[in-house]
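Source file data_5.tsv; content: TSV, C-alpha atoms.
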```tsv
chain	number	residue	atom	x	y	z
H	1477	MET	CA	-56.80	-40.38	-32.52
H	1478	LYS	CA	-54.94	-37.56	-30.78
H	1479	LEU	CA	-52.85	-38.60	-27.80
H	1480	TRP	CA	-52.23	-35.03	-26.61
H	1481	PRO	CA	-55.25	-32.97	-25.48
H	1482	ARG	CA	-56.21	-29.84	-27.41
H	1483	ALA	CA	-54.66	-26.54	-26.29
H	1484	GLN	CA	-57.74	-25.34	-24.39
H	1485	SER	CA	-58.32	-28.63	-22.59
H	1486	PRO	CA	-58.18	-28.36	-18.77
H	1487	LEU	CA	-55.91	-31.42	-18.75
H	1488	ARG	CA	-53.36	-29.65	-20.94
H	1489	ILE	CA	-53.67	-26.29	-19.15
H	1490	PHE	CA	-53.02	-27.84	-15.73
H	1491	ALA	CA	-50.60	-30.56	-16.95
H	1492	VAL	CA	-47.43	-28.53	-16.32
H	1493	SER	CA	-48.63	-27.48	-12.87
H	1494	GLY	CA	-49.55	-31.04	-11.95
H	1495	LEU	CA	-46.31	-32.64	-13.19
H	1496	PHE	CA	-44.13	-29.94	-11.63
H	1497	THR	CA	-45.98	-30.27	-8.31
H	1498	ILE	CA	-45.64	-34.06	-8.19
H	1499	ALA	CA	-41.93	-33.95	-9.09
H	1500	THR	CA	-41.16	-31.17	-6.60
H	1501	LEU	CA	-43.08	-32.73	-3.71
H	1502	PHE	CA	-41.37	-36.06	-4.34
H	1503	ALA	CA	-37.96	-34.33	-4.34
H	1504	VAL	CA	-38.76	-32.51	-1.08
H	1505	ALA	CA	-39.93	-35.69	0.64
H	1506	ALA	CA	-36.92	-37.69	-0.58
H	1507	SER	CA	-34.24	-35.09	0.19
H	1508	ILE	CA	-35.57	-33.22	3.25
H	1509	GLY	CA	-38.26	-35.42	4.78
H	1510	LEU	CA	-41.98	-35.78	5.37
H	1511	ALA	CA	-42.07	-32.91	7.87
H	1512	ALA	CA	-40.79	-30.55	5.16
H	1513	LEU	CA	-43.33	-31.99	2.72
H	1514	TYR	CA	-46.13	-31.16	5.17
H	1515	VAL	CA	-44.92	-27.55	5.48
H	1516	VAL	CA	-44.72	-27.16	1.70
H	1517	LEU	CA	-48.26	-28.50	1.26
H	1518	ILE	CA	-49.57	-25.95	3.79
H	1519	LEU	CA	-47.79	-23.13	1.95
H	1520	VAL	CA	-49.24	-24.31	-1.39
H	1521	VAL	CA	-52.78	-24.27	-0.01
H	1522	VAL	CA	-52.23	-20.84	1.58
H	1523	GLU	CA	-50.86	-19.36	-1.66
H	1524	ILE	CA	-53.70	-20.72	-3.83
H	1525	THR	CA	-56.39	-19.68	-1.34
H	1526	PHE	CA	-55.06	-16.18	-0.83
H	1527	SER	CA	-54.31	-15.59	-4.53
H	1528	PHE	CA	-57.64	-16.65	-6.05
H	1529	ASP	CA	-58.63	-13.00	-6.50
H	1530	ASN	CA	-55.29	-12.44	-8.22
H	1531	ALA	CA	-56.13	-15.16	-10.75
H	1532	ILE	CA	-59.52	-13.58	-11.51
H	1533	ILE	CA	-58.08	-10.11	-12.12
H	1534	ASN	CA	-55.16	-11.51	-14.10
H	1535	ALA	CA	-57.63	-13.38	-16.32
H	1536	LYS	CA	-59.44	-10.14	-17.19
H	1537	ILE	CA	-56.16	-8.47	-18.13
H	1538	LEU	CA	-54.80	-11.53	-19.93
H	1539	GLU	CA	-57.80	-11.47	-22.30
H	1540	ARG	CA	-56.25	-8.40	-23.93
H	1541	LEU	CA	-53.10	-10.29	-24.93
H	1542	ASN	CA	-52.65	-12.51	-27.97
H	1543	PRO	CA	-51.89	-16.25	-27.56
H	1544	PHE	CA	-48.11	-15.69	-27.73
H	1545	TRP	CA	-48.10	-13.39	-24.71
H	1546	GLN	CA	-50.56	-15.63	-22.89
H	1547	ARG	CA	-48.10	-18.52	-23.28
H	1548	LEU	CA	-45.27	-16.23	-22.17
H	1549	PHE	CA	-47.29	-15.38	-19.06
H	1550	LEU	CA	-47.46	-19.07	-18.15
H	1551	THR	CA	-43.79	-19.86	-18.97
H	1552	VAL	CA	-41.42	-16.90	-18.57
H	1553	GLY	CA	-43.93	-15.16	-16.31
H	1554	ILE	CA	-44.02	-18.02	-13.83
H	1555	VAL	CA	-40.21	-17.99	-13.58
H	1556	ILE	CA	-40.42	-14.28	-12.73
H	1557	ALA	CA	-43.25	-14.96	-10.28
H	1558	ILE	CA	-41.42	-17.75	-8.43
H	1559	PHE	CA	-37.77	-16.69	-8.45
H	1560	GLY	CA	-38.21	-12.98	-9.07
H	1561	MET	CA	-41.10	-11.94	-6.83
H	1562	ARG	CA	-40.90	-14.62	-4.14
H	1563	VAL	CA	-37.12	-15.07	-3.83
H	1564	LEU	CA	-35.08	-12.22	-5.35
H	1565	PHE	CA	-37.44	-9.32	-4.70
H	1566	PRO	CA	-37.66	-9.88	-0.90
H	1567	ILE	CA	-33.85	-10.07	-0.86
H	1568	LEU	CA	-33.73	-6.73	-2.72
H	1569	ILE	CA	-36.17	-5.15	-0.26
H	1570	VAL	CA	-34.16	-6.38	2.73
H	1571	SER	CA	-30.93	-5.14	1.13
H	1572	LEU	CA	-32.37	-1.66	0.53
H	1573	THR	CA	-33.99	-1.24	3.94
H	1574	SER	CA	-31.20	-2.78	6.03
H	1575	HIS	CA	-28.33	-1.30	3.95
H	1576	LEU	CA	-26.70	-4.71	3.69
H	1577	GLY	CA	-25.02	-6.10	0.60
H	1578	TRP	CA	-26.66	-8.77	-1.58
H	1579	GLY	CA	-24.14	-11.39	-0.49
H	1580	ARG	CA	-24.83	-10.74	3.19
H	1581	VAL	CA	-28.63	-10.85	2.70
H	1582	ILE	CA	-28.45	-14.10	0.72
H	1583	ASP	CA	-26.27	-15.59	3.46
H	1584	LEU	CA	-28.86	-14.56	6.05
H	1585	ALA	CA	-31.68	-16.04	3.96
H	1586	LEU	CA	-29.94	-19.40	3.56
H	1587	HIS	CA	-28.12	-19.81	6.87
H	1588	HIS	CA	-29.84	-17.44	9.31
H	1589	PRO	CA	-33.51	-17.44	8.26
H	1590	THR	CA	-34.71	-16.06	11.62
H	1591	VAL	CA	-32.57	-12.93	11.22
H	1592	TYR	CA	-33.61	-12.65	7.57
H	1593	GLY	CA	-37.27	-12.90	8.60
H	1594	HIS	CA	-36.68	-10.13	11.15
H	1595	TYR	CA	-35.24	-7.81	8.48
H	1596	LEU	CA	-38.15	-8.63	6.18
H	1597	GLU	CA	-40.55	-7.78	9.00
H	1598	VAL	CA	-38.76	-4.44	9.48
H	1599	ALA	CA	-39.31	-3.73	5.77
H	1600	HIS	CA	-43.00	-4.56	6.08
H	1601	PRO	CA	-44.28	-0.95	6.48
H	1602	MET	CA	-42.68	0.06	3.17
H	1603	ILE	CA	-43.93	-3.10	1.43
H	1604	ALA	CA	-47.43	-2.63	2.84
H	1605	ALA	CA	-47.60	1.02	1.75
H	1606	PHE	CA	-46.51	0.27	-1.83
H	1607	GLY	CA	-48.68	-2.82	-2.25
H	1608	GLY	CA	-51.67	-1.26	-0.49
H	1609	ALA	CA	-51.57	1.89	-2.65
H	1610	PHE	CA	-51.13	-0.09	-5.87
H	1611	LEU	CA	-54.05	-2.42	-5.09
H	1612	LEU	CA	-56.22	0.46	-3.88
H	1613	MET	CA	-55.71	2.15	-7.26
H	1614	LEU	CA	-56.67	-1.09	-8.98
H	1615	ALA	CA	-59.92	-1.37	-7.00
H	1616	PHE	CA	-60.83	2.30	-7.48
H	1617	GLN	CA	-60.20	2.16	-11.22
H	1618	PHE	CA	-62.71	-0.66	-11.51
H	1619	PHE	CA	-65.43	0.78	-9.26
H	1620	PHE	CA	-65.15	4.36	-10.56
H	1621	ASP	CA	-65.52	3.25	-14.19
H	1622	ASP	CA	-68.85	4.69	-15.39
H	1623	GLU	CA	-68.77	2.56	-18.56
H	1624	ARG	CA	-69.51	-0.60	-16.59
H	1625	ASP	CA	-73.06	-1.77	-17.29
H	1626	ILE	CA	-73.06	-4.78	-14.98
H	1627	LEU	CA	-73.32	-3.80	-11.31
H	1628	TRP	CA	-73.44	-6.16	-8.35
H	1629	MET	CA	-73.93	-3.93	-5.29
H	1630	LYS	CA	-75.97	-1.47	-7.34
H	1631	ARG	CA	-76.55	1.25	-4.72
H	1632	ILE	CA	-72.90	1.40	-3.74
H	1633	GLU	CA	-71.44	1.04	-7.21
H	1634	ARG	CA	-73.70	3.64	-8.84
H	1635	LYS	CA	-72.49	6.21	-6.31
H	1636	MET	CA	-68.87	5.25	-6.90
H	1637	GLN	CA	-69.32	5.64	-10.67
H	1638	ARG	CA	-69.92	9.36	-10.10
H	1639	LEU	CA	-66.17	9.57	-9.45
H	1640	SER	CA	-65.33	8.41	-12.97
H	1641	HIS	CA	-62.81	11.18	-13.73
H	1642	TRP	CA	-59.24	9.81	-13.71
H	1643	ILE	CA	-58.09	12.24	-11.01
H	1644	TRP	CA	-60.30	10.76	-8.27
H	1645	ALA	CA	-58.53	7.42	-7.83
H	1646	PRO	CA	-55.03	8.85	-7.19
H	1647	LEU	CA	-56.49	11.76	-5.20
H	1648	ILE	CA	-58.46	9.52	-2.81
H	1649	THR	CA	-55.56	7.05	-2.55
H	1650	SER	CA	-53.15	9.88	-1.71
H	1651	SER	CA	-55.59	11.25	0.87
H	1652	ILE	CA	-55.85	7.85	2.56
H	1653	LEU	CA	-52.05	7.51	2.59
H	1654	GLY	CA	-51.69	11.01	4.03
H	1655	PHE	CA	-54.21	10.24	6.76
H	1656	ILE	CA	-52.44	7.00	7.70
H	1657	SER	CA	-49.05	8.73	7.66
H	1658	LEU	CA	-50.18	11.46	10.07
H	1659	LEU	CA	-51.70	9.12	12.65
H	1660	PRO	CA	-49.82	9.33	15.98
H	1661	ILE	CA	-49.51	5.53	16.17
H	1662	ASN	CA	-47.69	5.41	12.82
H	1663	ALA	CA	-43.99	5.10	13.56
H	1664	HIS	CA	-43.12	4.86	9.85
H	1665	THR	CA	-44.45	8.15	8.46
H	1666	ARG	CA	-41.72	8.69	5.87
H	1667	GLN	CA	-41.81	5.09	4.57
H	1668	THR	CA	-45.60	5.21	4.27
H	1669	ILE	CA	-45.58	8.44	2.26
H	1670	VAL	CA	-42.65	7.55	-0.03
H	1671	ALA	CA	-43.58	3.92	-0.73
H	1672	GLY	CA	-47.31	4.72	-1.01
H	1673	ALA	CA	-46.63	7.57	-3.45
H	1674	PHE	CA	-44.38	5.29	-5.49
H	1675	GLY	CA	-47.13	2.64	-5.63
H	1676	THR	CA	-49.72	5.21	-6.76
H	1677	VAL	CA	-47.47	6.79	-9.39
H	1678	SER	CA	-46.36	3.37	-10.66
H	1679	TYR	CA	-49.95	2.30	-11.25
H	1680	VAL	CA	-50.85	5.53	-13.06
H	1681	ALA	CA	-47.69	5.44	-15.20
H	1682	ILE	CA	-48.19	1.84	-16.31
H	1683	GLN	CA	-51.86	2.43	-17.14
H	1684	LEU	CA	-51.06	5.56	-19.17
H	1685	LEU	CA	-48.33	3.76	-21.13
H	1686	VAL	CA	-50.56	0.76	-21.87
H	1687	ARG	CA	-53.46	2.92	-23.04
H	1688	TRP	CA	-51.19	5.08	-25.17
H	1689	MET	CA	-49.77	2.02	-26.94
H	1690	GLU	CA	-53.28	0.60	-27.38
H	1691	ARG	CA	-54.37	3.79	-29.13
H	1692	LEU	CA	-51.37	3.57	-31.45
H	1693	GLN	CA	-52.24	-0.03	-32.33
H	1694	LYS	CA	-55.92	0.72	-32.97
H	1695	ASN	CA	-55.22	3.80	-35.07
H	1696	GLY	CA	-57.25	3.47	-38.23
H	1697	ARG	CA	-59.10	0.34	-37.10
H	1698	SER	CA	-62.80	0.18	-36.34
H	1699	THR	CA	-62.68	-2.72	-33.90
H	1700	ALA	CA	-60.55	-3.56	-30.91
H	1701	VAL	CA	-57.75	-6.06	-31.37
H	1702	GLN	CA	-55.66	-8.10	-29.00
H	1703	GLN	CA	-52.53	-6.36	-27.84
H	1704	PHE	CA	-49.16	-7.07	-29.39
H	1705	GLY	CA	-45.72	-5.49	-29.46
H	1706	VAL	CA	-44.85	-2.82	-26.90
H	1707	ALA	CA	-48.44	-2.55	-25.59
H	1708	ALA	CA	-48.46	-6.28	-24.83
H	1709	LEU	CA	-45.05	-5.98	-23.18
H	1710	LEU	CA	-46.28	-3.16	-20.94
H	1711	THR	CA	-49.38	-5.17	-20.01
H	1712	PHE	CA	-47.13	-8.15	-19.24
H	1713	ILE	CA	-45.01	-5.92	-16.96
H	1714	TYR	CA	-48.21	-4.64	-15.33
H	1715	LEU	CA	-49.28	-8.23	-14.62
H	1716	GLU	CA	-45.93	-8.94	-12.96
H	1717	VAL	CA	-46.11	-5.80	-10.80
H	1718	LEU	CA	-49.67	-6.73	-9.90
H	1719	ASP	CA	-48.52	-10.21	-8.93
H	1720	ALA	CA	-45.82	-8.67	-6.76
H	1721	SER	CA	-48.39	-6.49	-4.98
H	1722	PHE	CA	-50.50	-9.56	-4.22
H	1723	SER	CA	-47.53	-11.67	-3.12
H	1724	PHE	CA	-45.82	-9.26	-0.68
H	1725	ASP	CA	-47.86	-10.18	2.37
H	1726	GLY	CA	-47.84	-13.85	1.41
H	1727	VAL	CA	-44.03	-13.95	1.55
H	1728	ILE	CA	-43.95	-12.21	4.93
H	1729	GLY	CA	-46.84	-14.30	6.28
H	1730	ALA	CA	-45.08	-17.51	5.21
H	1731	PHE	CA	-42.48	-16.88	7.93
H	1732	ALA	CA	-45.23	-17.50	10.46
H	1733	ILE	CA	-45.34	-21.07	9.15
H	1734	THR	CA	-41.61	-21.71	8.65
H	1735	ASN	CA	-38.28	-19.87	8.66
H	1736	ASP	CA	-36.84	-22.08	5.93
H	1737	VAL	CA	-36.46	-19.83	2.88
H	1738	VAL	CA	-36.11	-22.80	0.54
H	1739	LEU	CA	-39.39	-24.34	1.70
H	1740	ILE	CA	-41.11	-20.95	1.43
H	1741	ALA	CA	-39.89	-20.52	-2.15
H	1742	VAL	CA	-40.97	-24.06	-3.08
H	1743	GLY	CA	-44.40	-23.87	-1.45
H	1744	LEU	CA	-45.31	-20.39	-2.69
H	1745	GLY	CA	-43.81	-21.19	-6.09
H	1746	ILE	CA	-46.01	-24.26	-6.58
H	1747	GLY	CA	-49.04	-22.26	-5.47
H	1748	ALA	CA	-48.15	-19.43	-7.87
H	1749	LEU	CA	-47.88	-21.93	-10.74
H	1750	TRP	CA	-51.40	-23.24	-10.05
H	1751	VAL	CA	-52.72	-19.69	-9.85
H	1752	ARG	CA	-51.19	-18.97	-13.28
H	1753	SER	CA	-52.76	-22.10	-14.75
H	1754	LEU	CA	-56.11	-21.15	-13.24
H	1755	THR	CA	-55.80	-17.71	-14.86
H	1756	VAL	CA	-55.23	-19.22	-18.31
H	1757	TYR	CA	-58.09	-21.68	-17.76
H	1758	MET	CA	-60.51	-18.85	-16.94
H	1759	VAL	CA	-59.41	-16.98	-20.08
H	1760	HIS	CA	-60.02	-19.98	-22.35
H	1761	LYS	CA	-63.31	-20.94	-20.70
H	1762	LYS	CA	-64.62	-17.34	-20.63
H	1763	THR	CA	-65.37	-17.80	-16.95
H	1764	LEU	CA	-65.80	-14.07	-16.36
H	1765	ASN	CA	-68.54	-14.01	-19.01
H	1766	GLU	CA	-70.32	-16.95	-17.43
H	1767	LEU	CA	-70.06	-15.69	-13.84
H	1768	ILE	CA	-70.87	-12.02	-14.33
H	1769	TYR	CA	-70.23	-10.92	-10.73
H	1770	LEU	CA	-66.97	-12.83	-10.25
H	1771	GLU	CA	-64.86	-9.86	-11.35
H	1772	HIS	CA	-66.78	-7.64	-8.92
H	1773	GLY	CA	-66.10	-10.06	-6.07
H	1774	ALA	CA	-62.40	-10.10	-6.91
H	1775	HIS	CA	-62.16	-6.29	-6.83
H	1776	TYR	CA	-64.07	-6.06	-3.54
H	1777	THR	CA	-61.54	-8.57	-2.21
H	1778	VAL	CA	-58.68	-6.48	-3.59
H	1779	PHE	CA	-60.10	-3.44	-1.79
H	1780	VAL	CA	-60.22	-5.37	1.49
H	1781	LEU	CA	-56.67	-6.64	0.95
H	1782	ALA	CA	-55.42	-3.11	0.20
H	1783	VAL	CA	-57.04	-1.73	3.36
H	1784	VAL	CA	-55.59	-4.58	5.44
H	1785	MET	CA	-52.12	-4.03	3.96
H	1786	LEU	CA	-52.20	-0.31	4.76
H	1787	ALA	CA	-53.58	-0.95	8.24
H	1788	SER	CA	-50.92	-3.60	8.91
H	1789	ALA	CA	-48.34	-0.82	9.03
H	1790	LEU	CA	-50.08	0.36	12.20
H	1791	LEU	CA	-51.24	-2.81	13.94
H	1792	ARG	CA	-50.94	-6.57	13.75
H	1793	ILE	CA	-53.66	-8.19	11.63
H	1794	PRO	CA	-53.77	-12.01	11.33
H	1795	ASP	CA	-53.24	-13.23	7.77
H	1796	ILE	CA	-56.38	-15.32	8.03
H	1797	VAL	CA	-58.56	-12.18	8.15
H	1798	PRO	CA	-58.10	-11.05	4.51
H	1799	GLY	CA	-57.96	-14.67	3.36
H	1800	LEU	CA	-61.30	-15.74	4.83
H	1801	THR	CA	-62.91	-12.40	3.94
H	1802	GLY	CA	-61.80	-12.77	0.34
H	1803	ILE	CA	-63.09	-16.33	0.10
H	1804	GLY	CA	-66.44	-15.20	1.51
H	1805	ILE	CA	-66.78	-12.28	-0.93
H	1806	ILE	CA	-65.78	-14.31	-3.99
H	1807	GLY	CA	-68.07	-17.15	-2.90
H	1808	ALA	CA	-70.96	-14.68	-2.61
H	1809	SER	CA	-70.21	-13.27	-6.08
H	1810	ILE	CA	-70.23	-16.78	-7.57
H	1811	ALA	CA	-73.55	-17.58	-5.84
H	1812	ALA	CA	-75.07	-14.31	-7.12
H	1813	SER	CA	-73.83	-15.03	-10.65
H	1814	LEU	CA	-75.32	-18.53	-10.65
H	1815	ARG	CA	-78.61	-17.15	-9.34
H	1816	VAL	CA	-78.76	-14.68	-12.24
H	1817	ARG	CA	-77.99	-17.48	-14.71
H	1818	ARG	CA	-80.84	-19.59	-13.33
H	1819	LEU	CA	-83.27	-16.67	-13.56
H	1820	GLN	CA	-82.24	-15.98	-17.15
H	1821	ALA	CA	-82.59	-19.64	-18.03
H	1822	SER	CA	-86.07	-19.82	-16.50
H	1823	LYS	CA	-87.17	-16.85	-18.59
```
Show this structure as structure tokens.
Amino acid sequence: MKLWPRAQSPLRIFAVSGLFTIATLFAVAASIGLAALYVVLILVVVEITFSFDNAIINAKILERLNPFWQRLFLTVGIVIAIFGMRVLFPILIVSLTSHLGWGRVIDLALHHPTVYGHYLEVAHPMIAAFGGAFLLMLAFQFFFDDERDILWMKRIERKMQRLSHWIWAPLITSSILGFISLLPINAHTRQTIVAGAFGTVSYVAIQLLVRWMERLQKNGRSTAVQQFGVAALLTFIYLEVLDASFSFDGVIGAFAITNDVVLIAVGLGIGALWVRSLTVYMVHKKTLNELIYLEHGAHYTVFVLAVVMLASALLRIPDIVPGLTGIGIIGASIAASLRVRRLQASK
């Protein structure tokens, strides 16, 4: 009798997340207090709710990687996600935009969180332009792909598939960025253009490198294989950049809940860990094959999030807007998928 569940068991997949969450919440309650525990729990729920589309898209990409890189995504990748993207990266952004040294920014984050939050808010237009452009490219790449046979919103998606040439996604994204930059109400024209262009170019560069390495791996083979080596490394880097694009607004929005940087890192970190576990679970359970429109719902949500991020450089948009919209879209895609399954079963 085996005492430890098999590798693909939900109990084993979510075991690390569960144990880490229990231990961390207990430590927060014991060392800081129940009020801090309540704040952390809110941040965990917010991170999981707002990052569900991230888990779906990550699952699709993670299917390309072999088991070694999948494990690395859940171990090393989560360290990068928690400490890199949700702690160190915001500090880097604040340092670059405020022209302050690392030591000074870290001191602000730990001892003057209100000032640190202000500097992070000042950096928001640049963050929004980069993340919005990157996510917009992701959504366009999916919807413009004319090799997709499964369509959810058929009338809309068939028209979008006419733009299948690779040039259309960066061209339309650049046009949208240019339009937003030239609006009279945009007080951050230069940041929007530079950061948005960097987000667009970064997406194109990573995709070209990954595809080039894939072609090298498949040279002389008749069937597709899981990625390994440099191609897998590039895909892993792409996943981390994608995670950063999803997490930018979450980090800034967390300051609306608390100014305590430690609590923000703990709450968002626990949420990120659960999102990673959910990604691996969906890969093992072939969830995207079972719910055929789930990937579509995630990319529609990504498109909404990208638009909201770009628009947030111009006006204040409550964080709950993209969150509730995303939940509604993904819920509709799940319902549509289940309806198709029932019809196929009845036939």
Can you list every residue of range 1656-1689 of chain H that has an atom at most 9 Å from range 1712-1727 of chain H, with its nearest atom pair and the distance in Å to one decimal, using all atoms listed in the file, ordered by chain then number, as CSV?
```
residue,atom,partner,partner_atom,distance
H:Tyr1679,CA,H:Tyr1714,CA,8.2
H:Ile1682,CA,H:Tyr1714,CA,6.6
H:Gln1683,CA,H:Tyr1714,CA,8.2
H:Val1686,CA,H:Tyr1714,CA,8.8
```
Convert the current residue selection to file output with C-alpha atoms, as a tab-separated table (two decimals), in the frame of the given file.
```
chain	number	residue	atom	x	y	z
H	1679	TYR	CA	-49.95	2.30	-11.25
H	1682	ILE	CA	-48.19	1.84	-16.31
H	1683	GLN	CA	-51.86	2.43	-17.14
H	1686	VAL	CA	-50.56	0.76	-21.87
```
Excluding range 1661-1667 of chain H and its own-chain neighbours fewer than 4 positions away, which residues fall within 12 Å of it when counting all atoms listed in the file? Please give them as a PyMOL selection string. chain H and resi 1573+1598-1606+1653-1657+1671-1675+1786-1791
Which one of H:Ala1748, H:Ile1805, H:Leu1739, H:Ala1708 sits closest to Val1555 in chain H if you count all atoms listed in the file? H:Ala1748
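For the residues H:Val1783, H:Met1629, H:Glu1539, H:Leu1510, ranking by smallest atom-to-atom distance to Thr1649 in chain H using all atoms listed in the file places H:Val1783 first.
Here CA of Ala1681 in chain H and CA of Ile1533 in chain H stand 19.0 Å from one another.
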Distance of CA of Ala1503 in chain H from CA of Leu1564 in chain H, expressed in Å to one decimal place: 22.3 Å
Nearest to Thr1755 in chain H by atom-to-atom distance, counting only C-alpha atoms, from H:Ala1531, H:Ala1812, H:Ile1518, H:Val1492: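 Comparing H:Ala1531, H:Ala1812, H:Ile1518, H:Val1492 against Thr1755 in chain H, the winner is H:Ala1531.
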At most 12 Å is the cut-off: for each residue in range 1730-1815 of chain H with any atom that close to an atom of range 1589-1595 of chain H, write down the nearest atom pair and the distance in Å rounded to one decimal, counting only C-alpha atoms, chain first then increasing number, as CSV.
```
residue,atom,partner,partner_atom,distance
H:Ala1730,CA,H:Gly1593,CA,9.7
H:Phe1731,CA,H:Gly1593,CA,6.6
H:Ala1732,CA,H:Gly1593,CA,9.4
H:Ile1733,CA,H:Gly1593,CA,11.5
H:Thr1734,CA,H:Pro1589,CA,9.2
H:Asn1735,CA,H:Pro1589,CA,5.4
H:Asp1736,CA,H:Pro1589,CA,6.2
H:Val1737,CA,H:Pro1589,CA,6.6
H:Val1738,CA,H:Pro1589,CA,9.8
H:Leu1739,CA,H:Pro1589,CA,11.2
H:Ile1740,CA,H:Pro1589,CA,10.8
```
Find the residues with any atom within 8 Å of (-39.2, -28.6, -2.1); use all atoms listed in the file and the coordinates as given in the file, and write the answer as a count of residues only. 13
Point-to-point distance from CA of Met1613 in chain H to CA of Val1680 in chain H, Å rounded to tenths: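 Going from CA of Met1613 in chain H over to CA of Val1680 in chain H covers 8.3 Å.
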